[in-house]
Structures are given as structure tokens and as C-alpha cells.
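Coordinates from data_21.txt are shown below (compact mmCIF, C-alpha atoms).
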# COMPACT_ATOMS: atom_id res chain seq x y z
CA MET A 17 0.00 0.00 0.00
CA VAL A 18 1.24 3.52 -0.83
CA PRO A 19 1.79 5.53 2.38
CA THR A 20 -0.60 8.40 2.95
CA LEU A 21 0.87 11.71 1.88
CA SER A 22 -1.22 14.03 3.96
CA HIS A 23 -0.44 13.10 7.57
CA GLY A 24 -0.51 16.44 9.39
CA LEU A 25 -0.83 18.26 6.05
CA PRO A 26 -3.69 19.70 3.95
CA ASP A 27 -6.12 17.11 2.62
CA PRO A 28 -5.80 16.60 -0.24
CA LEU A 29 -2.14 17.52 -0.60
CA THR A 30 -1.38 19.79 -3.56
CA LEU A 31 1.75 19.13 -5.64
CA LEU A 32 3.20 21.08 -8.53
CA LEU A 33 4.87 18.83 -11.11
CA ILE A 34 7.20 20.64 -13.52
CA GLU A 35 7.89 18.04 -16.21
CA ASP A 36 7.82 18.36 -20.01
CA ASP A 37 7.62 14.62 -20.70
CA PRO A 38 3.97 13.38 -20.70
CA GLU A 39 5.12 9.81 -19.99
CA ASP A 40 6.98 10.85 -16.83
CA LYS A 41 3.98 12.94 -15.83
CA PHE A 42 1.77 9.87 -16.25
CA LEU A 43 4.24 7.79 -14.22
CA VAL A 44 4.08 10.24 -11.29
CA GLU A 45 0.28 10.33 -11.38
CA GLU A 46 0.00 6.55 -11.51
CA SER A 47 2.53 6.08 -8.70
CA LEU A 48 0.55 8.31 -6.37
CA SER A 49 -2.99 7.38 -7.44
CA THR A 50 -3.22 4.20 -5.38
CA GLY A 51 -2.70 5.84 -2.00
CA ARG A 52 -5.49 6.26 0.53
CA LYS A 53 -5.40 10.02 0.01
CA PRO A 54 -4.14 10.72 -3.52
CA PRO A 55 -2.75 14.24 -3.87
CA LYS A 56 -3.92 16.92 -6.23
CA ILE A 57 -1.28 17.30 -8.96
CA ILE A 58 -0.87 20.50 -10.96
CA TRP A 59 1.13 19.89 -14.13
CA ALA A 60 3.39 22.45 -15.77
CA ARG A 61 5.53 21.68 -18.83
CA SER A 62 7.98 24.58 -18.38
CA LEU A 63 9.21 27.08 -15.83
CA ALA A 64 7.13 29.80 -17.44
CA GLU A 65 4.01 27.66 -17.14
CA SER A 66 4.87 26.73 -13.55
CA ARG A 67 4.89 30.38 -12.53
CA GLU A 68 1.35 30.73 -13.83
CA ARG A 69 0.14 27.60 -12.04
CA PHE A 70 1.96 27.86 -8.74
CA THR A 71 -0.38 28.68 -5.82
CA PRO A 72 0.24 29.19 -2.08
CA ASP A 73 -1.45 25.87 -1.25
CA VAL A 74 1.26 23.89 -3.09
CA SER A 75 3.10 21.86 -0.43
CA CYS A 76 5.82 20.38 -2.64
CA VAL A 77 7.27 21.11 -6.10
CA LEU A 78 8.50 18.11 -8.12
CA VAL A 79 10.83 19.38 -10.81
CA ASP A 80 12.75 17.75 -13.65
CA LEU A 81 15.98 19.65 -14.31
CA SER A 82 15.76 19.14 -18.09
CA LEU A 83 13.11 21.65 -19.14
CA PRO A 84 12.51 23.52 -22.41
CA ASP A 85 13.36 26.93 -20.89
CA ALA A 86 15.99 25.97 -18.28
CA THR A 87 18.22 23.05 -17.38
CA GLY A 88 20.31 21.85 -14.44
CA LEU A 89 20.82 24.04 -11.43
CA GLU A 90 19.58 27.07 -13.35
CA ALA A 91 16.12 25.50 -13.41
CA LEU A 92 16.33 24.78 -9.69
CA GLU A 93 17.33 28.37 -8.91
CA HIS A 94 14.22 29.63 -10.68
CA VAL A 95 12.03 27.17 -8.74
CA LEU A 96 13.57 28.16 -5.39
CA GLU A 97 13.05 31.82 -6.24
CA MET A 98 9.42 31.16 -7.19
CA ALA A 99 8.66 29.03 -4.10
CA PRO A 100 11.13 29.91 -1.30
CA GLU A 101 8.91 28.50 1.47
CA THR A 102 7.90 25.30 -0.36
CA ALA A 103 9.57 21.89 -0.37
CA VAL A 104 11.35 21.00 -3.63
CA LEU A 105 11.96 17.43 -4.80
CA VAL A 106 14.20 17.01 -7.85
CA LEU A 107 13.40 14.22 -10.34
CA THR A 108 16.43 13.16 -12.32
CA GLY A 109 17.63 10.46 -14.68
CA LEU A 110 20.32 7.87 -14.01
CA ASP A 111 22.89 9.91 -15.91
CA ASP A 112 22.23 12.95 -13.73
CA VAL A 113 22.88 11.56 -10.25
CA GLN A 114 25.58 14.17 -9.54
CA VAL A 115 23.17 16.88 -10.65
CA GLY A 116 20.71 15.59 -8.07
CA VAL A 117 23.35 15.70 -5.35
CA ASP A 118 24.31 19.23 -6.39
CA ALA A 119 20.63 20.21 -6.36
CA VAL A 120 20.26 19.19 -2.72
CA ALA A 121 23.39 21.16 -1.88
CA ALA A 122 21.88 24.15 -3.70
CA GLY A 123 18.63 24.14 -1.71
CA ALA A 124 16.39 21.25 -2.82
CA GLN A 125 15.13 19.02 -0.02
CA ASP A 126 15.84 15.74 -1.86
CA TYR A 127 16.26 14.11 -5.28
CA LEU A 128 14.82 10.91 -6.72
CA LEU A 129 15.91 8.81 -9.69
CA LYS A 130 13.07 8.33 -12.15
CA GLN A 131 14.22 4.76 -12.80
CA ASP A 132 13.66 3.87 -9.13
CA MET A 133 10.38 5.70 -8.74
CA ASP A 134 7.38 3.74 -7.44
CA GLY A 135 4.40 4.67 -5.31
CA PRO A 136 5.75 4.03 -1.80
CA LEU A 137 9.18 5.48 -2.55
CA LEU A 138 7.78 8.63 -4.20
CA ALA A 139 5.21 9.18 -1.43
CA ARG A 140 7.88 8.79 1.22
CA ALA A 141 10.26 11.15 -0.60
CA ILE A 142 7.57 13.81 -0.90
CA ARG A 143 6.60 13.52 2.75
CA TYR A 144 10.21 13.67 3.92
CA ALA A 145 10.92 16.65 1.65
CA ILE A 146 7.98 18.54 3.15
CA GLU A 147 9.04 17.73 6.71
CA ARG A 148 12.63 18.71 5.95
CA LYS A 149 11.46 22.03 4.57
CA ARG A 150 9.32 22.59 7.62
CA GLY A 151 12.36 21.99 9.79
CA ASP A 152 14.47 24.38 7.71
CA VAL A 153 11.85 27.13 7.94
CA ALA A 154 11.41 26.61 11.70
CA GLN A 155 15.19 26.75 12.20
CA ARG A 156 15.45 30.01 10.22
CA GLU A 157 12.60 31.53 12.20
CA LEU A 158 14.24 30.46 15.47
CA VAL A 159 17.56 31.99 14.46
CA ALA A 160 15.83 35.20 13.35
CA GLU A 161 13.93 35.37 16.65
CA ARG A 162 17.12 34.88 18.64
CA LEU A 163 18.90 37.57 16.66
CA LEU A 164 15.96 39.94 17.17
CA SER A 165 15.91 39.24 20.91
CA ALA A 166 19.66 39.73 21.18
CA GLU A 167 19.49 42.98 19.23
CA ALA A 168 16.61 44.22 21.37
CA ALA A 169 18.54 43.34 24.53
CA ARG A 170 21.61 45.23 23.30
CA LEU A 171 19.49 48.24 22.37
CA GLU A 172 17.66 48.17 25.70
CA HIS A 173 20.99 48.06 27.54
CA GLY A 174 22.19 51.01 25.47
CA LEU A 175 19.07 53.00 26.32
CA LEU A 176 19.42 52.49 30.09
CA PRO A 177 21.19 55.34 31.88
CA VAL A 178 24.24 55.45 34.10
CA PRO A 179 23.08 57.24 37.28
CA MET A 180 24.84 60.50 38.18
CA LEU A 181 25.03 60.00 41.92
CA SER A 182 28.04 61.02 44.05
CA THR A 183 26.71 60.95 47.61
CA GLY A 184 27.60 57.93 49.69
CA ASP A 185 24.71 58.45 52.09
CA LEU A 186 22.12 56.90 49.78
CA VAL A 187 21.64 53.31 48.63
CA HIS A 188 20.47 53.37 45.00
CA ASP A 189 18.95 50.33 43.29
CA THR A 190 17.13 49.95 40.00
CA CYS A 191 15.29 47.35 37.97
CA TYR A 192 14.13 47.11 34.37
CA LEU A 193 12.23 44.09 33.02
CA PRO A 194 10.37 43.76 29.71
CA GLY A 195 6.93 42.19 30.01
CA SER A 196 6.42 38.58 28.91
CA ARG A 197 3.66 39.50 26.46
CA GLN A 198 6.09 41.71 24.58
CA ALA A 199 8.83 39.23 23.94
CA GLY A 200 11.40 40.61 21.54
CA LEU A 201 9.98 44.12 21.72
CA LEU A 202 11.45 47.23 23.27
CA ALA A 203 9.51 49.00 25.98
CA GLY A 204 8.60 52.61 26.64
CA ASP A 205 9.40 52.48 30.39
CA PHE A 206 12.39 54.54 31.52
CA TRP A 207 14.19 55.79 34.63
CA ASP A 208 17.05 58.10 35.56
CA THR A 209 18.87 59.53 38.58
CA VAL A 210 20.89 62.78 38.66
CA GLN A 211 22.58 64.59 41.54
CA THR A 212 23.10 68.29 40.85
CA PRO A 213 26.02 70.38 42.21
CA ASP A 214 23.88 71.73 45.07
CA GLY A 215 23.62 68.16 46.46
CA ALA A 216 19.98 67.60 45.56
CA VAL A 217 19.16 64.15 44.15
CA HIS A 218 16.64 64.01 41.30
CA VAL A 219 14.89 60.74 40.36
CA LEU A 220 12.64 59.98 37.40
CA VAL A 221 10.49 56.98 36.46
CA GLY A 222 8.25 57.17 33.39
CA ASP A 223 6.12 55.11 31.04
CA VAL A 224 5.25 55.86 27.41
CA CYS A 225 1.99 54.11 26.55
CA GLY A 226 2.52 51.21 24.18
CA HIS A 227 5.36 48.85 23.31
CA GLY A 228 7.93 48.70 20.55
CA PRO A 229 10.87 50.60 19.07
CA ASP A 230 8.95 53.85 18.53
CA GLU A 231 7.84 53.97 22.16
CA ALA A 232 11.33 52.98 23.35
CA ALA A 233 12.89 55.76 21.27
CA LEU A 234 10.38 58.28 22.61
CA GLY A 235 11.03 57.13 26.18
CA ALA A 236 14.78 57.51 25.66
CA ALA A 237 14.26 61.01 24.21
CA LEU A 238 12.15 62.05 27.21
CA ARG A 239 14.67 60.62 29.66
CA ILE A 240 17.59 62.42 28.02
CA ALA A 241 15.54 65.63 27.88
CA TRP A 242 14.76 65.31 31.60
CA ARG A 243 18.44 64.76 32.44
CA THR A 244 19.49 67.73 30.32
CA LEU A 245 16.86 70.04 31.77
CA THR A 246 17.68 68.92 35.32
CA ILE A 247 21.38 69.55 34.86
CA ALA A 248 20.52 72.96 33.36
CA GLY A 249 18.65 73.85 36.55
CA LEU A 250 15.03 73.51 35.45
CA ASP A 251 12.52 71.81 37.70
CA GLY A 252 8.82 71.70 38.49
CA ASN A 253 6.37 72.97 35.92
CA ARG A 254 9.03 74.58 33.75
CA LEU A 255 10.60 71.17 33.26
CA LEU A 256 7.30 69.32 32.83
CA THR A 257 5.85 71.75 30.28
CA THR A 258 9.06 71.52 28.25
CA MET A 259 8.85 67.73 28.28
CA ASP A 260 5.17 67.95 27.33
CA THR A 261 6.11 70.08 24.31
CA LEU A 262 8.82 67.60 23.32
CA LEU A 263 6.39 64.68 23.61
CA ARG A 264 3.82 66.37 21.38
CA ASN A 265 6.43 67.03 18.69
CA GLU A 266 8.14 63.61 18.82
CA ARG A 267 5.19 61.23 19.11
CA ASP A 268 3.77 59.45 16.06
CA SER A 269 0.14 59.78 17.12
CA PRO A 270 -1.84 62.28 19.22
CA GLU A 271 -3.10 59.34 21.29
CA ILE A 272 0.39 58.70 22.70
CA PHE A 273 0.79 59.96 26.26
CA THR A 274 3.35 59.51 29.03
CA THR A 275 2.99 59.07 32.77
CA LEU A 276 5.88 59.82 35.07
CA CYS A 277 6.90 60.49 38.62
CA THR A 278 9.78 62.71 39.69
CA ALA A 279 11.30 63.17 43.13
CA THR A 280 13.81 65.83 44.17
CA ILE A 281 15.52 64.91 47.43
CA SER A 282 16.80 67.96 49.32
CA PRO A 283 20.58 68.33 49.77
CA ASP A 284 20.27 67.37 53.46
CA LEU A 285 18.30 64.27 52.37
CA SER A 286 15.50 64.94 54.90
CA SER A 287 12.67 66.00 52.57
CA ALA A 288 11.50 65.63 48.99
CA ARG A 289 9.32 67.35 46.41
CA LEU A 290 7.47 65.02 44.07
CA TYR A 291 5.38 65.34 40.93
CA VAL A 292 3.05 62.42 40.27
CA VAL A 293 2.03 62.97 36.65
CA GLY A 294 -0.77 60.48 35.96
CA HIS A 295 1.49 57.82 37.46
CA PRO A 296 1.24 55.25 40.28
CA PRO A 297 2.09 56.93 43.61
CA PRO A 298 5.52 56.26 45.14
CA VAL A 299 5.80 54.14 48.28
CA ALA A 300 7.84 55.34 51.26
CA ILE A 301 9.12 53.66 54.43
CA ARG A 302 9.47 56.22 57.23
CA ASP A 303 9.83 55.38 60.92
CA GLY A 304 8.99 51.78 60.13
CA GLN A 305 5.70 52.73 58.44
CA VAL A 306 5.02 51.74 54.82
CA ASN A 307 2.55 53.91 52.90
CA VAL A 308 2.03 55.66 49.59
CA VAL A 309 3.50 59.13 49.62
CA THR A 310 0.26 60.72 48.43
CA ASP A 311 -3.24 59.74 47.36
CA THR A 312 -3.61 62.93 45.32
CA PRO A 313 -1.79 63.03 41.97
CA SER A 314 -0.13 66.19 40.75
CA GLY A 315 -2.15 66.07 37.55
CA PRO A 316 -2.80 64.12 34.34
CA PRO A 317 -0.16 62.50 32.10
CA LEU A 318 1.92 64.47 29.62
CA GLY A 319 0.38 64.85 26.18
CA ILE A 320 -3.29 64.92 27.29
CA PHE A 321 -4.17 68.55 28.02
CA THR A 322 -2.48 71.77 26.92
CA ASP A 323 -1.43 74.60 29.24
CA MET A 324 -1.31 72.29 32.25
CA ARG A 325 0.21 73.05 35.62
CA TRP A 326 1.07 70.20 37.92
CA THR A 327 0.88 70.46 41.73
CA PRO A 328 3.98 69.50 43.72
CA VAL A 329 3.78 67.08 46.62
CA ASP A 330 6.11 67.98 49.50
CA VAL A 331 6.98 65.28 52.03
CA THR A 332 9.16 65.04 55.10
CA LEU A 333 11.42 61.98 54.98
CA GLY A 334 13.40 62.18 58.22
CA ASP A 335 16.72 60.61 59.07
CA ALA A 336 16.15 57.05 57.81
CA TRP A 337 13.85 56.24 54.91
CA SER A 338 13.32 54.39 51.63
CA LEU A 339 11.49 55.72 48.59
CA LEU A 340 10.26 53.47 45.76
CA LEU A 341 9.28 54.86 42.35
CA TYR A 342 7.95 52.33 39.81
CA THR A 343 5.86 51.88 36.68
CA ASP A 344 2.47 50.18 36.68
CA GLY A 345 3.95 46.87 35.51
CA LEU A 346 4.76 46.17 39.17
CA ILE A 347 1.21 46.56 40.51
CA GLU A 348 -0.70 45.26 37.48
CA ALA A 349 0.60 41.74 37.95
CA THR A 350 -2.29 39.41 38.66
CA VAL A 351 -2.34 37.37 41.85
CA GLY A 352 -2.36 33.58 41.75
CA GLY A 353 -2.99 33.43 38.01
CA GLY A 354 -6.47 34.93 38.48
CA ARG A 355 -7.96 38.25 37.45
CA ASP A 356 -7.24 40.21 40.63
CA LEU A 357 -4.37 42.68 40.29
CA LEU A 358 -1.72 43.13 42.95
CA GLY A 359 -2.45 46.85 43.15
CA THR A 360 -0.87 49.45 45.41
CA ASP A 361 -2.34 47.85 48.54
CA GLY A 362 -0.84 44.48 47.59
CA LEU A 363 2.53 46.10 46.94
CA ILE A 364 2.48 47.77 50.36
CA ARG A 365 1.55 44.45 51.96
CA LEU A 366 4.54 42.72 50.33
CA ILE A 367 6.93 45.47 51.48
CA ARG A 368 5.57 45.25 55.01
CA GLU A 369 6.10 41.48 54.97
CA GLN A 370 9.75 41.98 53.99
CA GLY A 371 10.30 44.96 56.27
CA ALA A 372 12.27 46.82 53.60
CA VAL A 373 12.34 47.64 49.90
CA ASP A 374 14.63 44.98 48.47
CA LEU A 375 13.93 45.13 44.73
CA ASP A 376 15.26 41.67 43.91
CA ARG A 377 13.23 39.99 46.66
CA LEU A 378 10.19 42.13 45.96
CA ILE A 379 10.08 41.38 42.25
CA ALA A 380 10.80 37.70 42.86
CA ARG A 381 7.79 37.64 45.18
CA VAL A 382 5.62 39.43 42.61
CA GLN A 383 6.70 36.96 39.94
CA GLU A 384 5.91 34.10 42.29
CA LEU A 385 2.41 35.48 42.78
CA HIS A 386 2.07 35.93 39.03
CA LYS A 387 3.31 32.43 38.18
CA ASN A 388 6.81 33.70 37.26
CA ALA A 389 5.66 36.09 34.53
CA LEU A 390 5.20 39.87 34.51
CA THR A 391 2.84 40.69 31.66
CA ASP A 392 3.76 44.37 31.43
CA ASP A 393 7.10 46.17 31.34
CA LEU A 394 8.58 47.29 34.62
CA ALA A 395 11.00 50.04 35.63
CA ALA A 396 11.70 50.82 39.26
CA VAL A 397 14.10 52.92 41.34
CA VAL A 398 14.53 52.70 45.10
CA LEU A 399 16.52 55.20 47.18
CA SER A 400 17.31 54.52 50.81
CA ARG A 401 19.06 56.77 53.30
CA ARG A 402 21.60 54.89 55.37
Starting from the file, give its structure as C-alpha cells.
Amino acid sequence: MVPTLSHGLPDPLTLLLIEDDPEDKFLVEESLSTGRKPPKIIWARSLAESRERFTPDVSCVLVDLSLPDATGLEALEHVLEMAPETAVLVLTGLDDVQVGVDAVAAGAQDYLLKQDMDGPLLARAIRYAIERKRGDVAQRELVAERLLSAEAARLEHGLLPVPMLSTGDLVHDTCYLPGSRQAGLLAGDFWDTVQTPDGAVHVLVGDVCGHGPDEAALGAALRIAWRTLTIAGLDGNRLLTTMDTLLRNERDSPEIFTTLCTATISPDLSSARLYVVGHPPPVAIRDGQVNVVTDTPSGPPLGIFTDMRWTPVDVTLGDAWSLLLYTDGLIEATVGGGRDLLGTDGLIRLIREQGAVDLDRLIARVQELHKNALTDDLAAVVLSRR
């Protein structure tokens, strides 16, 4: 019995036979006609005719390398160009065995001598050629995916800042993780830390809505703008309105907005002024108490309303404290694989359990609650006074 051709494949299987000899065409048809699921065979007598008859549902091309309009490897090259994602099986005569070997080396999946061709052998050769092609395509896609991931990782690393922090009285820790749903993509989350000559420490965490290279580039532009403006001495609404103008001119769509949170720690490290711009509120540990810094945001995200003024939030930190700024990827993790989000209250509960803001332990715990996967991107900065 001739083996079935269509195991795991379309039923019926569609083949394109490029063969100018009617007797060889008849031989192929007869060899495959006795199977349980005979394939559909499209016959073309030349390369030119094959181009007209080739369709996307063709799973394998059977080609004789002695055609009226091309011979040898030249014919194969035209077939591979016409059907780069389709299996190719070369049919050759006894005198052309080396041509068949060369054809496989040039890109065909297999070759078969016409003199040896019978139903079982031909069916097996077609099936193996298709599976081999599938493997080749899967391998190329895997390599391409790995290269893309590696390139994205290198670009992400290049976009992350080197903090400008000279004081030894603060412990500074950061984290950046791309979300699992955005594998291979760059993220619009960003962070930065700058200490100015007066001793003040400025911290930024932001999130451009969306994912991908455009959002990542916009996030990097906003971060660099913030660093430049901070070094130049701008702060508060002068800084935020300038960044809002930059966002409106650099974004690809008027629907793109950015949330962010900034904190300026006073030179004596005992107080801070924050702007919570449509962003999750920071969490602070002061005198052993863990709470959000404020329940009242400074105002909406950048890029939403024109002529905005954002309200500062002034807080007293004291002699020993920790301050955590983060993007919503940290609190939008679901708990236990269900629909309930961790939320700000859940984040505070985890910090209270640990008694401190240890980013590695905290994120490991969040990932444990979320079955080891954060679905959104995450950027976080924690500052602690010794």
C-alpha cells in the first residue's frame, strides 16, 4: 500500500509537477494514485508555465531539471526563487545523479531517480521533503527570533542610563524588566537619577503608553531631555511643560501619552518634592511605616491637556527612609494566576512582609504570585538613606 501523503498536512495535498515529458507525468500520477489520500497534482511543462500555475497551497514542487526553458541548477534556482517556502523534490535520470546531489546542496530538499520511482518510494520522498522544509523554515525563524531578541537586549541596555550619583549616604537600586507578552519588543518604560552640584538628588520613572521601538525611542528622548533640563537647573512645571512640548512634537500619534513620577531629594536628604504625573504613587518607608507618599496626583499624564500646571507634593522623609518609584507593571501583575491585580495595597503588603524595599526579593515575590511572569514592562528605582 502507498503511504498516505497528507499526515498532518492539507487534505488533499497539492503538488506542482514541472515536467515536459507526458510519460513521466503519467508515471508520477500513476505512482501516487493508489494511496489512501491521492494528492492533487498541478502539471506544468515549463518554468514559465509553472509560474502561472503555482499557488500558495502547493506543499511540494517536483521538478525535472531538463526543461525547455531551463536546465540543471539554473532550473532549480528559478524554482527556489518562485517558491522559497515550499519543499522541492528534484526528479532526475540515471545519468544525472551528480546533478541531483548538487541540487540538494543548492537548496532542494531531496532528489529521486526516475528509474527507481514507485508509489511508496515517491510518497515517502515527498513527505520527507515537506518535513525537511518545515524543519528548515522553523530553524530560520528560530535563528531570526534569537537575533531579534539579542538585538533588542543590546538596544535596551544602550538606552538604560548610568546614574549620576556622588553621595555615599544613599543606597540606589534599579530594575528594568520587559513584560512577557512583549517578547522581543522594546519598551517605553524609563528611569534616571541625577545629583546636581547643590547636592539635591533628582529621580525619574516614566512610562510611554505602548510597546515597541517607537515607544522605546520616545522614552529615551524624554529621559535624556529630563536629564538635560535637570542639569541645566530647570525643575517643576518649567521642566514638565518643556517635556510635554517635546512629547507632542516627537510622538507618532496624538493618542500617545506619558505618565511619570519625579522626586527631588533635598541636599540634606531629609525631605523631597514630588510630581506624580498620571502615574502610580511612590511608596515610602518612614519610621517603620510603609505607605504611599500621596493619594492625590499632581495632575494628568503628559500629552493629554495643553497649558497644564502640575501640583507638587512635599513630604518630610526624616533621618532614615526608603522611597520606591515604579511603573504600573509592578502593581498590574495578577495574583495567583487569576484576574485580581496586585495593586498598590498588595505592593504595600509585600513590602511590610519583607520589612524593607529589596527590589530583587520584591520582584521575585511578585513573579511568584504571578506564576513567574510579569505581563507588562517594569521600571523601578529605590533610594534609601543609610
* Given the choices A:Val219, A:Val120, A:Leu33, A:Ala99, which gets closest to Ser282 of chain A if the distance is worked out from only C-alpha atoms? ->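 Checking each of A:Val219, A:Val120, A:Leu33, A:Ala99 against Ser282 of chain A, counting only C-alpha atoms, the winner is A:Val219.
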* To do: Using all atoms listed in the file, find the one residue out of A:Arg302, A:Pro55, A:Asp251, A:Leu234 that sits nearest to Ile272 of chain A.
  =>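 Between A:Arg302, A:Pro55, A:Asp251, A:Leu234, the residue approaching Ile272 of chain A most closely is A:Leu234.
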* To do: Have a look at A:Gly252, A:Arg264, A:Leu366, A:Asp112 and name the one nearest to Ser314 of chain A; count all atoms listed in the file.
  =>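 Looking at the shortest contact to Ser314 of chain A, the residue is A:Gly252.
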* **Å distance separating atom CA of Met98 of chain A from atom CA of Phe70 of chain A, one decimal place** =>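 If I compute the distance from atom CA of Met98 of chain A to atom CA of Phe70 of chain A, I get 8.3 Å.
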* Å distance separating atom CA of Thr212 of chain A from atom CA of Trp242 of chain A, one decimal place ->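 About the pair atom CA of Thr212 of chain A and atom CA of Trp242 of chain A: they are 12.8 Å apart.
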* Asked: Could you state the separation of atom CA of Ala103 of chain A and atom CA of Pro54 of chain A in Å, given to one decimal place?
  ->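 Here the two named atoms are 18.0 Å from each other.
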* Using all atoms listed in the file, pick whichever of A:Ala124, A:Val373, A:Val331, A:Val117 has the shortest atom-to-atom distance to Glu101 of chain A. =>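 That would be A:Ala124, the residue with the smallest distance to Glu101 of chain A.
With distances taken over all atoms listed in the file, A:Asp311 is the one residue among A:Asp260, A:Asp311, A:Asp80, A:Glu161 lying closest to Val329 of chain A.
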* To do: Find the residue from A:Leu96, A:Ala237, A:Leu220, A:Val77 that sits nearest to Arg143 of chain A; use only C-alpha atoms when measuring.
  =>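 Nearest candidate to Arg143 of chain A out of A:Leu96, A:Ala237, A:Leu220, A:Val77: A:Val77.
A cut-off of 9 Å from the point (7.2, 10.3, -4.9), with all atoms listed in the file, picks out the residues Val44, Ser47, Leu48, Leu78, Leu105, Leu128, Met133, Asp134, Gly135, Pro136, Leu137, Leu138, Ala139, Arg140, Ala141, Ile142 and Arg143 of chain A.
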* To do: Find the residues near segment 317-321 of chain A: any atom within 12 Å, counting only C-alpha atoms, skip ones fewer than 4 places away on the same chain, and give them as a PyMOL selection string.
  => chain A and resi 222-225+238+253+255-277+291-296+313+325-326
* **Selection: 9 Å around Thr190 of chain A, all atoms listed in the file, excl. self and same-chain fewer than 4 positions, as a ChimeraX atom specification** => /A:207,375,395-399
Expected residue set, 9 Å radius at (13.7, 59.4, 60.4), all atoms listed in the file, as a PDB file with C-alpha atoms, keeping the file's coordinate frame:
ATOM      1  CA  SER A 286      15.500  64.940  54.900  1.00  0.00           C
ATOM      2  CA  ARG A 302       9.470  56.220  57.230  1.00  0.00           C
ATOM      3  CA  ASP A 303       9.830  55.380  60.920  1.00  0.00           C
ATOM      4  CA  GLY A 304       8.990  51.780  60.130  1.00  0.00           C
ATOM      5  CA  THR A 332       9.160  65.040  55.100  1.00  0.00           C
ATOM      6  CA  LEU A 333      11.420  61.980  54.980  1.00  0.00           C
ATOM      7  CA  GLY A 334      13.400  62.180  58.220  1.00  0.00           C
ATOM      8  CA  ASP A 335      16.720  60.610  59.070  1.00  0.00           C
ATOM      9  CA  ALA A 336      16.150  57.050  57.810  1.00  0.00           C
ATOM     10  CA  TRP A 337      13.850  56.240  54.910  1.00  0.00           C
TER      11      TRP A 337
END
* To do: Please identify all polymer residues within 12 Å of Pro38 of chain A, counting only C-alpha atoms, omitting same-chain residues fewer than 5 positions from it, and present them as a ChimeraX atom specification.
  => /A:33,43-45,59-61
